[in-house]
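Colleague: Dropping in protein-v2.cif, which is mmCIF, C-alpha atoms:
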```cif
data_entry
loop_
_atom_site.label_atom_id
_atom_site.label_comp_id
_atom_site.auth_asym_id
_atom_site.auth_seq_id
_atom_site.Cartn_x
_atom_site.Cartn_y
_atom_site.Cartn_z
CA MET A 1 0.00 0.00 0.00
CA ILE A 2 1.41 3.37 -1.01
CA ARG A 3 0.36 6.18 1.33
CA VAL A 4 -0.17 9.73 0.07
CA GLY A 5 -0.07 12.53 2.67
CA ILE A 6 -1.84 15.89 2.63
CA GLY A 7 -0.55 17.97 -0.27
CA GLU A 8 1.28 15.04 -1.83
CA PHE A 9 0.83 13.09 -5.07
CA LYS A 10 2.19 9.69 -6.08
CA SER A 11 1.90 7.41 -9.06
CA ALA A 12 2.43 3.67 -9.39
CA LYS A 13 1.86 0.63 -11.57
CA ALA A 14 -0.39 -2.37 -10.92
CA PRO A 15 -0.62 -4.25 -8.61
CA ALA A 16 -0.01 -1.21 -6.39
CA VAL A 17 -2.78 0.23 -4.22
CA ILE A 18 -2.47 3.93 -3.42
CA SER A 19 -4.31 5.38 -0.44
CA THR A 20 -4.87 8.59 1.47
CA LEU A 21 -6.51 9.14 4.86
CA GLY A 22 -8.97 11.62 6.22
CA LEU A 23 -10.12 13.68 3.27
CA GLY A 24 -12.30 16.42 4.75
CA SER A 25 -12.48 19.54 2.64
CA CYS A 26 -9.48 18.21 0.71
CA VAL A 27 -10.05 16.31 -2.54
CA GLY A 28 -8.42 13.03 -3.55
CA ILE A 29 -7.90 12.78 -7.31
CA CYS A 30 -7.28 9.32 -8.73
CA LEU A 31 -6.07 9.06 -12.32
CA TRP A 32 -5.78 5.82 -14.25
CA ASP A 33 -4.62 4.54 -17.59
CA GLU A 34 -6.38 1.23 -18.06
CA PHE A 35 -4.06 0.02 -20.82
CA THR A 36 -0.77 0.35 -18.94
CA LYS A 37 -2.41 0.03 -15.49
CA VAL A 38 -0.60 3.12 -14.29
CA GLY A 39 -2.47 4.96 -11.55
CA GLY A 40 -1.91 8.12 -9.57
CA LEU A 41 -3.36 9.83 -6.54
CA ALA A 42 -3.15 13.48 -5.47
CA HIS A 43 -4.44 14.82 -2.13
CA ILE A 44 -5.04 18.52 -2.70
CA MET A 45 -5.97 21.04 0.01
CA LEU A 46 -6.73 24.21 -1.90
CA PRO A 47 -8.21 25.12 -5.28
CA ASP A 48 -5.83 27.52 -6.90
CA SER A 49 -2.14 28.38 -6.62
CA ASN A 50 -3.06 32.04 -7.08
CA LEU A 51 -4.20 31.93 -3.45
CA SER A 52 -0.65 31.30 -2.33
CA THR A 53 0.95 34.18 -0.50
CA THR A 54 4.43 32.90 -1.31
CA ASN A 55 6.05 32.18 -4.68
CA ASN A 56 7.85 29.17 -3.47
CA PHE A 57 5.23 26.61 -2.51
CA ASN A 58 4.59 22.91 -2.62
CA PRO A 59 2.67 22.40 -5.89
CA GLY A 60 0.97 19.29 -4.49
CA LYS A 61 -1.26 21.49 -2.33
CA PHE A 62 -3.24 23.12 -5.12
CA ALA A 63 -5.61 21.54 -7.65
CA ASP A 64 -4.28 23.54 -10.59
CA THR A 65 -0.63 22.66 -9.96
CA ALA A 66 -0.93 19.10 -8.59
CA ILE A 67 -2.96 17.68 -11.50
CA PRO A 68 -0.49 18.49 -14.33
CA LEU A 69 2.40 17.22 -12.22
CA LEU A 70 0.61 13.98 -11.44
CA ILE A 71 -0.04 13.49 -15.16
CA TYR A 72 3.67 13.99 -15.99
CA ASP A 73 4.56 11.59 -13.22
CA MET A 74 2.27 8.93 -14.69
CA GLU A 75 3.64 9.51 -18.18
CA GLU A 76 7.09 8.72 -16.80
CA LEU A 77 5.67 5.32 -15.85
CA GLY A 78 4.31 4.81 -19.34
CA ALA A 79 0.78 6.21 -19.12
CA ASN A 80 -0.73 8.02 -22.07
CA ARG A 81 -2.68 11.14 -21.11
CA LYS A 82 -5.21 10.53 -23.89
CA ARG A 83 -6.34 7.39 -22.12
CA ILE A 84 -6.35 8.73 -18.57
CA ILE A 85 -9.65 8.79 -16.70
CA ALA A 86 -10.38 10.21 -13.26
CA LYS A 87 -12.25 9.32 -10.09
CA ILE A 88 -12.53 11.88 -7.34
CA ALA A 89 -13.62 11.93 -3.69
CA GLY A 90 -13.73 14.44 -0.83
CA GLY A 91 -14.48 18.14 -0.82
CA ALA A 92 -16.81 17.96 2.17
CA GLN A 93 -17.83 20.80 4.38
CA MET A 94 -16.99 19.36 7.78
CA PHE A 95 -18.39 22.22 9.85
CA GLU A 96 -21.31 24.59 9.44
CA ILE A 97 -19.66 27.91 10.04
CA LYS A 98 -21.17 31.31 9.81
CA SER A 99 -18.26 33.43 8.76
CA GLN A 100 -17.57 36.19 6.29
CA MET A 101 -14.54 34.24 5.20
CA GLU A 102 -15.04 32.54 1.83
CA MET A 103 -12.38 30.03 2.84
CA MET A 104 -14.79 28.42 5.26
CA LYS A 105 -16.54 26.83 2.25
CA ILE A 106 -13.38 25.44 0.79
CA GLY A 107 -14.62 21.90 0.07
CA LYS A 108 -16.97 22.91 -2.72
CA ARG A 109 -14.41 25.25 -4.24
CA ASN A 110 -11.85 22.47 -4.23
CA VAL A 111 -14.20 20.17 -6.15
CA GLU A 112 -14.93 22.88 -8.73
CA ALA A 113 -11.23 23.56 -9.21
CA VAL A 114 -10.49 19.86 -9.67
CA ARG A 115 -13.20 19.57 -12.33
CA LYS A 116 -11.79 22.59 -14.13
CA ALA A 117 -8.18 21.39 -14.02
CA LEU A 118 -9.16 17.93 -15.28
CA SER A 119 -11.24 19.33 -18.12
CA GLN A 120 -8.25 21.37 -19.27
CA PHE A 121 -6.51 18.07 -19.94
CA ASN A 122 -9.68 16.54 -21.40
CA ILE A 123 -9.71 14.01 -18.61
CA LYS A 124 -13.14 12.56 -17.95
CA ILE A 125 -14.40 12.04 -14.41
CA VAL A 126 -15.98 8.59 -14.55
CA ALA A 127 -16.97 8.32 -10.89
CA GLU A 128 -17.14 10.59 -7.89
CA ASP A 129 -18.12 10.76 -4.25
CA VAL A 130 -17.86 14.41 -3.31
CA GLU A 131 -19.16 17.16 -1.02
CA GLY A 132 -21.56 16.39 1.82
CA ASN A 133 -20.48 16.93 5.41
CA PHE A 134 -18.39 13.87 6.22
CA GLY A 135 -14.79 12.75 5.94
CA ARG A 136 -13.47 10.00 3.69
CA SER A 137 -10.45 7.71 3.42
CA ILE A 138 -9.76 6.29 -0.02
CA GLU A 139 -7.84 3.46 -1.66
CA PHE A 140 -7.20 3.28 -5.37
CA ASN A 141 -6.37 -0.04 -6.97
CA CYS A 142 -4.07 0.43 -10.00
CA ASP A 143 -4.93 -3.02 -11.29
CA THR A 144 -8.72 -2.74 -11.37
CA GLY A 145 -9.17 1.02 -11.39
CA LEU A 146 -11.59 0.67 -8.50
CA LEU A 147 -11.76 3.35 -5.85
CA THR A 148 -12.77 2.32 -2.34
CA VAL A 149 -14.25 5.10 -0.23
CA LYS A 150 -14.53 4.61 3.53
CA SER A 151 -16.39 6.93 5.84
CA VAL A 152 -17.43 6.73 9.47
CA GLY A 153 -20.83 5.10 9.95
CA ARG A 154 -21.64 5.05 6.25
CA GLY A 155 -19.90 1.85 5.34
CA ILE A 156 -17.68 1.24 2.35
CA LYS A 157 -18.45 2.36 -1.14
CA ILE A 158 -16.63 1.13 -4.24
CA ILE A 159 -16.83 3.36 -7.27
CA MET B 1 11.61 29.73 12.00
CA TYR B 2 10.86 30.32 15.64
CA SER B 3 13.72 30.30 18.09
CA ASN B 4 13.65 27.86 20.99
CA PHE B 5 12.97 30.78 23.27
CA GLU B 6 9.95 31.87 21.24
CA LEU B 7 8.62 28.32 21.17
CA ASP B 8 8.95 28.14 24.95
CA VAL B 9 7.06 31.40 25.29
CA LEU B 10 4.27 30.10 23.02
CA LYS B 11 4.04 26.93 25.10
CA GLU B 12 3.83 29.00 28.25
CA ILE B 13 1.06 31.11 26.74
CA GLY B 14 -0.70 27.85 25.90
CA ASN B 15 -0.20 26.72 29.48
CA ILE B 16 -1.86 29.79 30.89
CA GLY B 17 -4.86 29.41 28.59
CA ALA B 18 -5.10 25.70 29.21
CA GLY B 19 -4.88 26.10 32.97
CA ASN B 20 -7.85 28.41 32.91
CA ALA B 21 -9.76 26.10 30.59
CA ALA B 22 -9.03 23.04 32.75
CA THR B 23 -10.47 24.78 35.79
CA ALA B 24 -13.64 25.68 33.91
CA LEU B 25 -14.03 22.15 32.54
CA SER B 26 -13.43 20.69 35.97
CA ILE B 27 -16.32 22.69 37.39
CA ILE B 28 -18.85 21.50 34.83
CA ILE B 29 -17.95 17.84 34.98
CA SER B 30 -17.17 17.82 38.74
CA GLU B 31 -13.97 15.97 38.15
CA LYS B 32 -10.33 16.95 38.37
CA VAL B 33 -8.98 17.96 34.95
CA LEU B 34 -5.27 17.81 34.24
CA ILE B 35 -3.29 19.16 31.31
CA LYS B 36 -0.19 18.00 29.50
CA ILE B 37 2.47 20.58 28.73
CA PRO B 38 1.39 22.27 25.49
CA GLU B 39 3.40 21.49 22.40
CA VAL B 40 4.06 23.61 19.36
CA ILE B 41 3.99 21.25 16.42
CA ILE B 42 5.66 22.41 13.22
CA LEU B 43 5.57 19.82 10.47
CA PRO B 44 5.19 19.46 6.71
CA PHE B 45 1.50 18.80 5.96
CA ASN B 46 2.14 15.32 4.64
CA GLU B 47 3.49 14.29 8.06
CA VAL B 48 0.69 15.74 10.17
CA ILE B 49 -1.49 12.65 9.97
CA ASP B 50 1.39 10.55 11.29
CA VAL B 51 1.56 12.43 14.59
CA MET B 52 -2.13 11.88 15.31
CA LYS B 53 -2.91 9.08 17.75
CA ASP B 54 -5.62 7.54 15.58
CA PRO B 55 -6.16 9.49 12.35
CA GLU B 56 -9.07 7.35 11.20
CA GLY B 57 -10.60 7.17 14.67
CA PHE B 58 -14.19 8.23 15.18
CA VAL B 59 -14.18 11.45 17.18
CA THR B 60 -16.16 14.49 18.13
CA GLY B 61 -14.73 17.63 16.59
CA ILE B 62 -15.76 21.04 17.85
CA PHE B 63 -14.61 23.95 15.75
CA PHE B 64 -14.28 27.64 16.63
CA ARG B 65 -13.12 30.56 14.63
CA ILE B 66 -11.14 33.15 16.60
CA GLU B 67 -11.22 36.65 15.24
CA GLY B 68 -10.11 40.06 16.35
CA GLU B 69 -6.45 40.87 16.79
CA LEU B 70 -5.50 37.25 16.29
CA GLU B 71 -6.97 35.34 13.36
CA SER B 72 -6.98 31.65 14.05
CA ASN B 73 -8.96 28.47 14.33
CA CYS B 74 -9.52 26.17 17.26
CA VAL B 75 -10.49 22.52 17.20
CA LEU B 76 -11.26 20.19 20.07
CA ILE B 77 -11.02 16.49 19.37
CA ILE B 78 -12.70 14.05 21.76
CA PRO B 79 -12.43 10.31 21.01
CA GLU B 80 -15.58 8.21 20.73
CA LYS B 81 -15.35 6.51 24.12
CA GLU B 82 -14.58 9.75 25.95
CA THR B 83 -17.43 11.54 24.16
CA LYS B 84 -19.82 8.94 25.54
CA ASN B 85 -18.33 9.33 29.01
CA LEU B 86 -18.65 13.07 28.83
CA LEU B 87 -22.31 12.81 27.82
CA LYS B 88 -22.86 10.45 30.71
CA LEU B 89 -21.26 12.90 33.13
CA LEU B 90 -23.28 15.81 31.79
CA LEU B 91 -26.67 14.32 30.97
CA LYS B 92 -26.61 11.13 33.06
CA GLU B 93 -27.55 9.08 30.05
CA ASP B 94 -25.94 6.32 28.03
CA VAL B 95 -25.45 7.14 24.40
CA LYS B 96 -24.93 4.19 22.10
CA ASP B 97 -24.41 5.74 18.70
CA LEU B 98 -22.73 9.07 18.22
CA LEU B 99 -24.03 9.37 14.67
CA THR B 100 -27.59 9.76 15.93
CA LEU B 101 -27.14 12.28 18.73
CA ASN B 102 -30.20 14.34 19.55
CA ASP B 103 -30.23 18.13 19.85
CA MET B 104 -29.72 18.08 23.60
CA GLU B 105 -26.69 15.80 23.33
CA GLN B 106 -25.19 17.87 20.54
CA SER B 107 -25.66 21.10 22.40
CA ALA B 108 -24.14 19.60 25.57
CA LEU B 109 -20.98 18.80 23.59
CA LYS B 110 -20.91 22.24 22.01
CA GLU B 111 -21.30 23.76 25.46
CA VAL B 112 -18.31 21.83 26.79
CA GLY B 113 -16.34 23.14 23.83
CA ASN B 114 -17.60 26.63 24.38
CA ILE B 115 -16.63 26.71 28.05
CA LEU B 116 -13.23 25.27 27.36
CA VAL B 117 -12.35 27.48 24.43
CA SER B 118 -13.79 30.69 25.83
CA SER B 119 -11.87 30.26 29.08
CA PHE B 120 -8.73 29.49 27.09
CA VAL B 121 -9.21 32.53 24.91
CA SER B 122 -10.15 34.87 27.74
CA ALA B 123 -6.97 33.92 29.61
CA LEU B 124 -5.04 34.55 26.42
CA SER B 125 -6.75 37.87 25.95
CA ASP B 126 -6.17 39.01 29.57
CA PHE B 127 -2.54 38.05 29.38
CA THR B 128 -1.74 39.56 26.01
CA LYS B 129 -4.23 42.46 26.07
CA LEU B 130 -5.23 41.45 22.56
CA ASN B 131 -8.88 41.82 21.68
CA LEU B 132 -10.15 38.36 20.74
CA LYS B 133 -13.58 36.98 20.05
CA ILE B 134 -14.74 33.47 19.33
CA SER B 135 -17.47 32.22 17.03
CA VAL B 136 -20.30 29.94 18.08
CA PRO B 137 -19.18 26.31 18.22
CA SER B 138 -19.68 23.99 15.28
CA LEU B 139 -19.88 20.24 15.71
CA ALA B 140 -18.76 17.32 13.53
CA LEU B 141 -18.73 13.64 14.45
CA ASP B 142 -16.27 12.08 12.09
CA MET B 143 -12.80 10.84 11.26
CA ALA B 144 -10.12 12.65 13.29
CA ALA B 145 -7.86 13.41 10.32
CA ALA B 146 -10.69 14.87 8.24
CA ILE B 147 -11.62 17.17 11.12
CA LEU B 148 -8.11 18.42 11.82
CA SER B 149 -7.23 18.91 8.16
CA PHE B 150 -9.85 21.63 7.75
CA PRO B 151 -8.20 24.37 9.86
CA LEU B 152 -4.81 23.28 8.49
CA THR B 153 -6.07 24.04 5.00
CA ILE B 154 -6.53 27.68 5.87
CA TYR B 155 -2.99 27.81 7.17
CA GLY B 156 -1.89 26.10 3.95
CA ILE B 157 -2.56 29.26 1.93
CA MET B 158 0.50 30.73 3.52
CA GLY B 159 2.90 27.92 4.17
CA ASP B 160 3.87 24.38 3.36
CA THR B 161 4.29 23.54 7.00
CA ALA B 162 1.55 23.02 9.54
CA LEU B 163 1.75 24.95 12.77
CA LEU B 164 -0.35 23.93 15.75
CA LEU B 165 -0.36 24.66 19.43
CA SER B 166 -1.58 21.43 20.94
CA THR B 167 -2.68 20.63 24.50
CA GLU B 168 -4.21 17.53 25.99
CA PHE B 169 -6.81 17.68 28.76
CA TYR B 170 -7.53 14.55 30.75
CA GLY B 171 -9.58 13.61 33.76
CA ASP B 172 -8.36 11.81 36.86
CA SER B 173 -10.47 8.81 35.93
CA ASP B 174 -9.83 7.58 32.38
CA GLY B 175 -13.15 8.90 31.09
CA VAL B 176 -12.13 12.34 29.87
CA LEU B 177 -9.67 13.08 27.09
CA ILE B 178 -9.76 16.18 24.96
CA ASP B 179 -7.16 17.25 22.45
CA PHE B 180 -7.09 20.97 21.89
CA TYR B 181 -5.52 22.55 18.81
CA LEU B 182 -5.00 26.22 18.15
CA ILE B 183 -4.03 26.85 14.54
CA PRO B 184 -3.26 30.38 13.38
CA ASP B 185 -4.35 31.59 9.93
CA ASP B 186 -0.76 32.51 9.17
CA ASP B 187 2.56 32.84 10.96
CA LYS B 188 1.95 36.51 11.67
CA SER B 189 -0.75 35.52 14.15
CA PHE B 190 1.59 33.72 16.51
CA LYS B 191 4.22 36.42 16.08
CA LYS B 192 1.57 38.90 17.15
CA LEU B 193 1.01 36.88 20.30
CA LEU B 194 4.72 36.98 21.08
CA LYS B 195 4.91 40.67 20.38
CA ALA B 196 1.88 41.37 22.58
CA ILE B 197 3.68 40.06 25.62
CA GLY B 198 6.86 41.91 24.79
CA VAL B 199 9.03 39.28 23.18
CA ASP B 200 11.28 41.06 20.74
CA ILE B 201 11.24 39.51 17.35
CA PHE B 202 14.07 39.99 14.95
CA ASP B 203 11.99 39.00 12.03
CA ASP B 204 13.50 39.05 8.58
CA ASP B 205 10.08 38.10 7.25
CA THR B 206 11.42 35.19 5.27
CA SER B 207 9.29 33.12 7.63
CA TRP B 208 10.23 29.68 8.72
CA ASN B 209 8.85 27.64 5.89
CA ARG B 210 10.99 24.74 4.98
#
```
The structure given in the file should be rewritten as structure tokens.

Modeller:
Amino acid sequence: MIRVGIGEFKSAKAPAVISTLGLGSCVGICLWDEFTKVGGLAHIMLPDSNLSTTNNFNPGKFADTAIPLLIYDMEELGANRKRIIAKIAGGAQMFEIKSQMEMMKIGKRNVEAVRKALSQFNIKIVAEDVEGNFGRSIEFNCDTGLLTVKSVGRGIKII
Amino acid sequence: MYSNFELDVLKEIGNIGAGNAATALSIIISEKVLIKIPEVIILPFNEVIDVMKDPEGFVTGIFFRIEGELESNCVLIIPEKETKNLLKLLLKEDVKDLLTLNDMEQSALKEVGNILVSSFVSALSDFTKLNLKISVPSLALDMAAAILSFPLTIYGIMGDTALLLSTEFYGDSDGVLIDFYLIPDDDKSFKKLLKAIGVDIFDDDTSWNR
């Protein structure tokens, strides 16, 4: 099992399983090339690198910078971007907060940014389990392309 | 980066807030409440989950936004078993399933959070003379890592490293355990705390991001 931390992305070949824990407002993006069985997972925290207050940042944190890098990473392992499909999970709003701060609704914005970044590469989202108000842990199987989503009290969902 | 001296001062500030909060909590649950020495945790985000006791554990999370002269977020994390114990202490009832809490049970938990965080923050405010106000509490019963990652995200706009002031509250029986996290919006918030109590900062503003 390959573990991806917050703001990280990793790619691997079958039979690898890539996982990430505790997606709240963060989004887990799983990419897969069925032909070469190369898969990748990114755990993004924020929608857009324009939000960054520093120039020197970890690109894995943002949807717009993590997705292209994950694609390049997968191409190194032999994937072809024309064949890549996506499954996404996360982007919840964990707390109901009455605040002026737009950032308090970050989950939804993360999901929108992920959709936008994927569409720029013409990558189709074939399955998703997003938004809501609960956390998720996910496991992506590079052999089958199946994404297992676990959440507290809601059982296991395979998409 | 913070110097060791500054980190010690931050821990001491945490201690003062936590001491006050422990006293308040002790009164409502009629049990002695002890605190561990606060820690300042500075870690790359991808390692944060590894320092949590049980990242996928089912917990109660109570979230507060702190605004005013110090912009930050506060989260209390209470494990499943201890949440049930707390509800028993407060409402004298046995709760089987935390996912189906009624309004009374939810508001009891929020109230515990409220008392703890407001006494923490008022001690902080008295000590630093900073004007601070807290939001109403917000409750989530969920995976610990998903709960903690939310306030970290806001900090993530500024840095690649998570910064948390963490304190553990525990009862003298083994029925109470609350993890308290104070997470600033950015590194200026903690620096403001230090400045407020007169710690001189020779800040070159390159911050301490690794």

Colleague: Give as a ChimeraX atom specification the residues that the PyMOL selection byres ((chain A and resi 43) around 12) matches when applied to the coordinates above.

Modeller: /A:3-11,18-31,40-42,44-47,59-63,65-67,70,88-91,110-111,114,136-139 /B:45-46,149,153

Colleague: List the residues selected by the PyMOL selection byres ((chain B and resi 71) around 9) in the file shown, writing them as a list in words.

Modeller: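 Selection result, ordered by chain and number: Arg65, Ile66, Glu67, Gly68, Glu69, Leu70, Ser72, Asn73, Leu132, Pro184, Asp185, Asp186 and Ser189 of chain B.
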
Colleague: Any idea what's packed within 9 Å of segment 155-172 of chain B, counting all atoms listed in the file, ignoring anything in its chain fewer than 4 positions away? Could you give it as a PDB file with C-alpha atoms, in the frame of the given file?

Modeller:
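And here's selection27.pdb as it stands now:
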```
ATOM      1  CA  GLY A   7      -0.550  17.970  -0.270  1.00  0.00           C
ATOM      2  CA  MET A  45      -5.970  21.040   0.010  1.00  0.00           C
ATOM      3  CA  LEU A  46      -6.730  24.210  -1.900  1.00  0.00           C
ATOM      4  CA  SER A  49      -2.140  28.380  -6.620  1.00  0.00           C
ATOM      5  CA  LEU A  51      -4.200  31.930  -3.450  1.00  0.00           C
ATOM      6  CA  SER A  52      -0.650  31.300  -2.330  1.00  0.00           C
ATOM      7  CA  THR A  53       0.950  34.180  -0.500  1.00  0.00           C
ATOM      8  CA  THR A  54       4.430  32.900  -1.310  1.00  0.00           C
ATOM      9  CA  PHE A  57       5.230  26.610  -2.510  1.00  0.00           C
ATOM     10  CA  ASN A  58       4.590  22.910  -2.620  1.00  0.00           C
ATOM     11  CA  LYS A  61      -1.260  21.490  -2.330  1.00  0.00           C
TER      12      LYS A  61
ATOM     13  CA  LEU B  10       4.270  30.100  23.020  1.00  0.00           C
ATOM     14  CA  LYS B  11       4.040  26.930  25.100  1.00  0.00           C
ATOM     15  CA  GLY B  14      -0.700  27.850  25.900  1.00  0.00           C
ATOM     16  CA  ASN B  15      -0.200  26.720  29.480  1.00  0.00           C
ATOM     17  CA  ALA B  18      -5.100  25.700  29.210  1.00  0.00           C
ATOM     18  CA  ALA B  22      -9.030  23.040  32.750  1.00  0.00           C
ATOM     19  CA  SER B  26     -13.430  20.690  35.970  1.00  0.00           C
ATOM     20  CA  GLU B  31     -13.970  15.970  38.150  1.00  0.00           C
ATOM     21  CA  LYS B  32     -10.330  16.950  38.370  1.00  0.00           C
ATOM     22  CA  VAL B  33      -8.980  17.960  34.950  1.00  0.00           C
ATOM     23  CA  LEU B  34      -5.270  17.810  34.240  1.00  0.00           C
ATOM     24  CA  ILE B  35      -3.290  19.160  31.310  1.00  0.00           C
ATOM     25  CA  LYS B  36      -0.190  18.000  29.500  1.00  0.00           C
ATOM     26  CA  ILE B  37       2.470  20.580  28.730  1.00  0.00           C
ATOM     27  CA  PRO B  38       1.390  22.270  25.490  1.00  0.00           C
ATOM     28  CA  GLU B  39       3.400  21.490  22.400  1.00  0.00           C
ATOM     29  CA  VAL B  40       4.060  23.610  19.360  1.00  0.00           C
ATOM     30  CA  ILE B  41       3.990  21.250  16.420  1.00  0.00           C
ATOM     31  CA  ILE B  42       5.660  22.410  13.220  1.00  0.00           C
ATOM     32  CA  LEU B  43       5.570  19.820  10.470  1.00  0.00           C
ATOM     33  CA  PRO B  44       5.190  19.460   6.710  1.00  0.00           C
ATOM     34  CA  PHE B  45       1.500  18.800   5.960  1.00  0.00           C
ATOM     35  CA  ASN B  46       2.140  15.320   4.640  1.00  0.00           C
ATOM     36  CA  VAL B  48       0.690  15.740  10.170  1.00  0.00           C
ATOM     37  CA  SER B  72      -6.980  31.650  14.050  1.00  0.00           C
ATOM     38  CA  PRO B 151      -8.200  24.370   9.860  1.00  0.00           C
ATOM     39  CA  VAL B 176     -12.130  12.340  29.870  1.00  0.00           C
ATOM     40  CA  LEU B 177      -9.670  13.080  27.090  1.00  0.00           C
ATOM     41  CA  ILE B 178      -9.760  16.180  24.960  1.00  0.00           C
ATOM     42  CA  ASP B 179      -7.160  17.250  22.450  1.00  0.00           C
ATOM     43  CA  PHE B 180      -7.090  20.970  21.890  1.00  0.00           C
ATOM     44  CA  TYR B 181      -5.520  22.550  18.810  1.00  0.00           C
ATOM     45  CA  LEU B 182      -5.000  26.220  18.150  1.00  0.00           C
ATOM     46  CA  ILE B 183      -4.030  26.850  14.540  1.00  0.00           C
ATOM     47  CA  PRO B 184      -3.260  30.380  13.380  1.00  0.00           C
ATOM     48  CA  ASP B 185      -4.350  31.590   9.930  1.00  0.00           C
ATOM     49  CA  ASP B 186      -0.760  32.510   9.170  1.00  0.00           C
ATOM     50  CA  ASP B 187       2.560  32.840  10.960  1.00  0.00           C
ATOM     51  CA  SER B 207       9.290  33.120   7.630  1.00  0.00           C
ATOM     52  CA  TRP B 208      10.230  29.680   8.720  1.00  0.00           C
ATOM     53  CA  ASN B 209       8.850  27.640   5.890  1.00  0.00           C
ATOM     54  CA  ARG B 210      10.990  24.740   4.980  1.00  0.00           C
TER      55      ARG B 210
END
```

Colleague: For the atom pair atom CA of Asp129 of chain A and atom CA of Ile2 of chain A, what is the interatomic distance in Å to one decimal place?

Modeller: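 Going from atom CA of Asp129 of chain A over to atom CA of Ile2 of chain A, I get 21.1 Å.
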
Colleague: If you apply the PyMOL selection byres ((chain B and resi 107-116) around 9) to this file, what residues do you get, as number ranges by chain?

Modeller: B: 18, 20-25, 28, 60, 62-64, 75-76, 83, 86-87, 90-91, 102-106, 117-121, 134, 136-139

Colleague: Identify, on the basis of only C-alpha atoms, every residue whose closest approach to Met74 of chain A does not exceed 9 Å; exclude the query and any residue fewer than 2 positions from it along the same chain; express the result as a list in words.

Modeller: Lys10, Ser11, Ala12, Lys13, Leu31, Trp32, Asp33, Val38, Gly39, Gly40, Leu69, Leu70, Ile71, Tyr72, Glu76, Leu77, Gly78, Ala79, Asn80 and Arg81 of chain A

Colleague: What gap, in Å, lies between atom CA of Ile147 of chain B and atom CA of Lys133 of chain B?

Modeller: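 Interatomic distance here is 21.8 Å.
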
Colleague: So which residues touch Glu96 of chain A within 9 Å, counting only C-alpha atoms, skipping near sequence neighbours fewer than 2 positions away, as a list in words?

Modeller: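 Neighbouring residues, sequence-local ones excluded: Gln93, Met94, Lys98, Met104, Lys105 and Asn133 of chain A; Ser138, Leu139 and Ala140 of chain B.
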
Colleague: Tell me which of B:Glu82, B:Glu12, B:Asp174, B:Asp97 sits closest to chain A, counting only C-alpha atoms.

Modeller: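 Looking at the shortest contact to chain A, the residue is B:Asp97.
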
Colleague: Kindly write segment 54-63 of chain B with N, CA, C and O atoms to a file, as a compact mmCIF listing (two decimals), in the first residue's frame.

Modeller:
```txt
# COMPACT_ATOMS: atom_id res chain seq x y z
N ASP B 54 -4.81 8.46 16.36
CA ASP B 54 -5.62 7.54 15.58
C ASP B 54 -6.32 8.35 14.48
O ASP B 54 -7.46 8.77 14.66
N PRO B 55 -5.63 8.57 13.36
CA PRO B 55 -6.16 9.49 12.35
C PRO B 55 -7.52 9.08 11.80
O PRO B 55 -8.32 9.93 11.44
N GLU B 56 -7.78 7.77 11.74
CA GLU B 56 -9.07 7.35 11.20
C GLU B 56 -10.10 7.09 12.31
O GLU B 56 -11.19 6.63 12.05
N GLY B 57 -9.71 7.40 13.53
CA GLY B 57 -10.60 7.17 14.67
C GLY B 57 -11.85 8.04 14.60
O GLY B 57 -11.82 9.14 14.05
N PHE B 58 -12.92 7.51 15.16
CA PHE B 58 -14.19 8.23 15.18
C PHE B 58 -14.18 9.19 16.38
O PHE B 58 -14.01 8.75 17.51
N VAL B 59 -14.31 10.45 16.12
CA VAL B 59 -14.18 11.45 17.18
C VAL B 59 -15.26 12.52 17.07
O VAL B 59 -15.92 12.66 16.05
N THR B 60 -15.38 13.27 18.16
CA THR B 60 -16.16 14.49 18.13
C THR B 60 -15.20 15.63 17.85
O THR B 60 -14.18 15.75 18.52
N GLY B 61 -15.54 16.45 16.87
CA GLY B 61 -14.73 17.63 16.59
C GLY B 61 -15.57 18.86 16.87
O GLY B 61 -16.73 18.92 16.44
N ILE B 62 -15.03 19.79 17.61
CA ILE B 62 -15.76 21.04 17.85
C ILE B 62 -14.86 22.18 17.37
O ILE B 62 -13.72 22.30 17.81
N PHE B 63 -15.40 22.94 16.45
CA PHE B 63 -14.61 23.95 15.75
C PHE B 63 -15.02 25.37 16.16
O PHE B 63 -16.21 25.65 16.30
```
